Amino acid sequence: MAKKRARDKRGASTQSVHAGEPRVHALNSITTPLLQTSTYTFADTQELCDHFEHRIEREEYGRYGNPTQRVAEKKLAALDSAEDGLLFSSGMAAITTTLFAILSRGAHVVVTADAYRRTRQFLNQTLGRYGVDVSTVPAGDFDRIEEAIRPTTRVIFSESPTNPYNRVVDLERLVEIAKQHRVKTIIDSTFATPINQRPIEFGIDLVIHSATKYLGGHNDLMAGSVVGSQPLIDAIRELQGITGAVPDPFAAYLLIRGIKTLALRVARQNENAEKIAGFLNSHTKIGVVHYPSLASHPEHKIAKRQMTGFGGVVSFEVEGDLDSASRLVDGCKIPRIAPSLGGVESLIEQPALMSFYELTTEERLQVGIKDNLVRYSVGIEDADDLIADLDQALTGV
Ligand SMILES: *Cc1c(COP(=O)(O)O)cnc(C)c1O
């Protein structure tokens, strides 16, 4: 990892707790105050003029930022070794605003397949209406990625690990190709969190997270983030002030609170998921297990090299059909059936019956979603309990 950029020497747990926070808060509060306000007052016209002439630094109006939001942004930037960060009302708000800020009519985007459903839709359907071309290539196929690049290509966008198959993209190779062609790189690093992977250190330009997932960690808020270099973040912030996908201050407050335990939670989730993947991998009623710790995973070696943990999502195929997988899901007594992932509670779902419900089996197969696929977002419960629960559920499959 010769190209790794130096990061803050402090460990991820110390950063989760302290990064981005001033040593002294208002009224000596230890927590970052929640500034539940939409606007900010000016003492007089002179102060207003000083503000617009950048002679003083202060807030103006809620859509342009909030002090609670700023602390969350600085914490996220520090965790991902980035210069600055920007918080949004959701992960999709982060993705759409970032792409709108970088792209213009006639531009071309390369996106890797196996991505969050709404990201695929935004790229292939929405952006198309604005004159942006998109090529979808298989994650990990660098020949296809390079072939897809055109003179008009502005961005390569990829998840890593991907949703739901946990494919891992070799970030060093991606950056090498992108630099050759002067193309920007964006990684949706939601599945990894900054605890398991810091793409900026490999030279990736922008890193996006659905903070709704691991960063919030308690299934009680919606937010999204992008981190990267100062000029890029400034440009995206400018557009956010126009398009308005800003987080509520309370969501920013909850996010700061959630991130305090991020390193602890993710360490536990990595550990639990690895145990569950091992258990499932040796079970006769389970087919392929998609988890990067397994030697059978196509990018196991890359994941070992560029990640410090394999994440909390285990996807696997139940031997049989759609109904076999449903019997397993329904037989589990600990994980709840719900969309989303990354929270302290384990969640389980069949992508075919959740995000891809309205498609036919054939349409789902075209986008790579198998009927018997189950996605398990492993929480912080005791691994032994989760495994015993899966074991009993499998007797009913
Ligand atoms: C959930 C998710 C998103 C979208 O985030 P929201 O906060 O739900 O808008 C984007 N990418 C990935 C990988 C996700 O899991």
# chains A, B, ... in the order shown; residues from 1 in each chain; ligands from 1
$ residues_near_ligand --ligand "ligand 1" --cutoff "8 Å" --atoms "only C-alpha atoms and all ligand atoms" --output "PDB file with N, CA and C atoms, in the first residue's frame"
ATOM      1  N   SER A  89     -29.495  14.747   3.824  1.00  0.00           N
ATOM      2  CA  SER A  89     -30.696  14.206   4.471  1.00  0.00           C
ATOM      3  C   SER A  89     -30.824  12.702   4.281  1.00  0.00           C
ATOM      4  N   SER A  90     -30.086  12.109   3.361  1.00  0.00           N
ATOM      5  CA  SER A  90     -30.117  10.655   3.161  1.00  0.00           C
ATOM      6  C   SER A  90     -28.907  10.266   2.317  1.00  0.00           C
ATOM      7  N   GLY A  91     -28.658   8.985   2.238  1.00  0.00           N
ATOM      8  CA  GLY A  91     -27.570   8.508   1.386  1.00  0.00           C
ATOM      9  C   GLY A  91     -27.839   8.839  -0.073  1.00  0.00           C
ATOM     10  N   MET A  92     -29.087   8.673  -0.499  1.00  0.00           N
ATOM     11  CA  MET A  92     -29.426   8.975  -1.896  1.00  0.00           C
ATOM     12  C   MET A  92     -29.271  10.465  -2.195  1.00  0.00           C
ATOM     13  N   ALA A  93     -29.565  11.324  -1.201  1.00  0.00           N
ATOM     14  CA  ALA A  93     -29.352  12.762  -1.395  1.00  0.00           C
ATOM     15  C   ALA A  93     -27.870  13.031  -1.619  1.00  0.00           C
ATOM     16  N   ALA A  94     -27.005  12.323  -0.891  1.00  0.00           N
ATOM     17  CA  ALA A  94     -25.560  12.497  -1.060  1.00  0.00           C
ATOM     18  C   ALA A  94     -25.145  12.056  -2.468  1.00  0.00           C
ATOM     19  N   ILE A  95     -25.661  10.909  -2.907  1.00  0.00           N
ATOM     20  CA  ILE A  95     -25.286  10.380  -4.222  1.00  0.00           C
ATOM     21  C   ILE A  95     -25.783  11.282  -5.346  1.00  0.00           C
ATOM     22  N   ALA A 115     -25.213  -2.839  -7.448  1.00  0.00           N
ATOM     23  CA  ALA A 115     -25.201  -1.621  -6.650  1.00  0.00           C
ATOM     24  C   ALA A 115     -26.587  -1.424  -6.056  1.00  0.00           C
ATOM     25  N   TYR A 116     -26.661  -0.519  -5.106  1.00  0.00           N
ATOM     26  CA  TYR A 116     -27.932  -0.183  -4.479  1.00  0.00           C
ATOM     27  C   TYR A 116     -28.962   0.143  -5.565  1.00  0.00           C
ATOM     28  N   ARG A 118     -31.577   1.993  -5.978  1.00  0.00           N
ATOM     29  CA  ARG A 118     -31.931   3.382  -6.324  1.00  0.00           C
ATOM     30  C   ARG A 118     -30.755   4.104  -6.994  1.00  0.00           C
ATOM     31  N   THR A 119     -29.540   3.709  -6.661  1.00  0.00           N
ATOM     32  CA  THR A 119     -28.377   4.283  -7.353  1.00  0.00           C
ATOM     33  C   THR A 119     -28.416   3.878  -8.817  1.00  0.00           C
ATOM     34  N   GLU A 159     -19.642   0.848  -5.722  1.00  0.00           N
ATOM     35  CA  GLU A 159     -19.714   0.480  -4.312  1.00  0.00           C
ATOM     36  C   GLU A 159     -18.550  -0.463  -4.054  1.00  0.00           C
ATOM     37  N   THR A 162     -19.958  -4.327  -2.508  1.00  0.00           N
ATOM     38  CA  THR A 162     -21.215  -4.022  -3.190  1.00  0.00           C
ATOM     39  C   THR A 162     -22.409  -4.634  -2.452  1.00  0.00           C
ATOM     40  N   ASN A 163     -23.548  -4.068  -2.766  1.00  0.00           N
ATOM     41  CA  ASN A 163     -24.816  -4.509  -2.205  1.00  0.00           C
ATOM     42  C   ASN A 163     -25.580  -5.253  -3.306  1.00  0.00           C
ATOM     43  N   ASP A 188     -18.958   4.328  -3.028  1.00  0.00           N
ATOM     44  CA  ASP A 188     -19.980   4.213  -1.994  1.00  0.00           C
ATOM     45  C   ASP A 188     -19.460   3.147  -1.035  1.00  0.00           C
ATOM     46  N   SER A 189     -18.993   3.615   0.114  1.00  0.00           N
ATOM     47  CA  SER A 189     -18.281   2.758   1.073  1.00  0.00           C
ATOM     48  C   SER A 189     -19.181   2.378   2.259  1.00  0.00           C
ATOM     49  N   THR A 190     -20.498   2.501   2.042  1.00  0.00           N
ATOM     50  CA  THR A 190     -21.470   2.256   3.116  1.00  0.00           C
ATOM     51  C   THR A 190     -21.249   0.918   3.816  1.00  0.00           C
ATOM     52  N   PHE A 191     -21.056  -0.151   3.023  1.00  0.00           N
ATOM     53  CA  PHE A 191     -20.931  -1.495   3.619  1.00  0.00           C
ATOM     54  C   PHE A 191     -19.682  -1.620   4.481  1.00  0.00           C
ATOM     55  N   HIS A 209     -21.250   7.701   1.997  1.00  0.00           N
ATOM     56  CA  HIS A 209     -21.845   6.731   2.921  1.00  0.00           C
ATOM     57  C   HIS A 209     -23.336   7.018   3.054  1.00  0.00           C
ATOM     58  N   SER A 210     -24.124   5.972   3.120  1.00  0.00           N
ATOM     59  CA  SER A 210     -25.462   6.129   3.665  1.00  0.00           C
ATOM     60  C   SER A 210     -25.268   6.066   5.171  1.00  0.00           C
ATOM     61  N   ALA A 211     -25.297   7.245   5.818  1.00  0.00           N
ATOM     62  CA  ALA A 211     -25.077   7.310   7.274  1.00  0.00           C
ATOM     63  C   ALA A 211     -26.255   6.721   8.033  1.00  0.00           C
ATOM     64  N   THR A 212     -27.339   6.464   7.295  1.00  0.00           N
ATOM     65  CA  THR A 212     -28.514   5.783   7.857  1.00  0.00           C
ATOM     66  C   THR A 212     -28.124   4.406   8.402  1.00  0.00           C
ATOM     67  N   LYS A 213     -27.080   3.837   7.844  1.00  0.00           N
ATOM     68  CA  LYS A 213     -26.714   2.450   8.145  1.00  0.00           C
ATOM     69  C   LYS A 213     -25.761   2.378   9.349  1.00  0.00           C
ATOM     70  N   MET A 222     -31.974   9.140   9.382  1.00  0.00           N
ATOM     71  CA  MET A 222     -31.603   9.063   7.969  1.00  0.00           C
ATOM     72  C   MET A 222     -30.617  10.181   7.685  1.00  0.00           C
ATOM     73  N   ALA A 223     -29.510   9.822   7.040  1.00  0.00           N
ATOM     74  CA  ALA A 223     -28.511  10.811   6.644  1.00  0.00           C
ATOM     75  C   ALA A 223     -27.576  10.181   5.626  1.00  0.00           C
ATOM     76  N   GLY A 224     -26.863  11.025   4.923  1.00  0.00           N
ATOM     77  CA  GLY A 224     -25.858  10.549   3.974  1.00  0.00           C
ATOM     78  C   GLY A 224     -24.677  11.496   4.027  1.00  0.00           C
ATOM     79  N   SER A 340     -32.860  -2.064   4.983  1.00  0.00           N
ATOM     80  CA  SER A 340     -31.773  -1.392   5.697  1.00  0.00           C
ATOM     81  C   SER A 340     -30.800  -2.391   6.316  1.00  0.00           C
ATOM     82  N   LEU A 341     -29.758  -1.850   6.911  1.00  0.00           N
ATOM     83  CA  LEU A 341     -28.655  -2.658   7.431  1.00  0.00           C
ATOM     84  C   LEU A 341     -27.791  -1.768   8.319  1.00  0.00           C
TER      85      LEU A 341
END
$ select_by_dssp --residues "segment 21-161 of chain A" --states "alpha helix (DSSP H)" --output "ChimeraX atom specification"
/A:45-52,67-79,91-102,117-121,127-129,142-148
$ closest_residue --among "A:Ala352, A:Val314, A:Val374, A:Leu255" --to "Asp330 of chain A" --atoms "only C-alpha atoms"
A:Val374
$ closest_residue --among "A:Gln197, A:Asn166, A:Thr153, A:Gln121" --to "Val367 of chain A" --atoms "only C-alpha atoms"
A:Gln121
$ residues_around --residues "Leu174 of chain A" --least-positions-apart "6" --cutoff "10 Å" --atoms "only C-alpha atoms" --output "NGL selection string"
:A and (140 or 142 or 145-146 or 156 or 158 or 185 or 202-204)
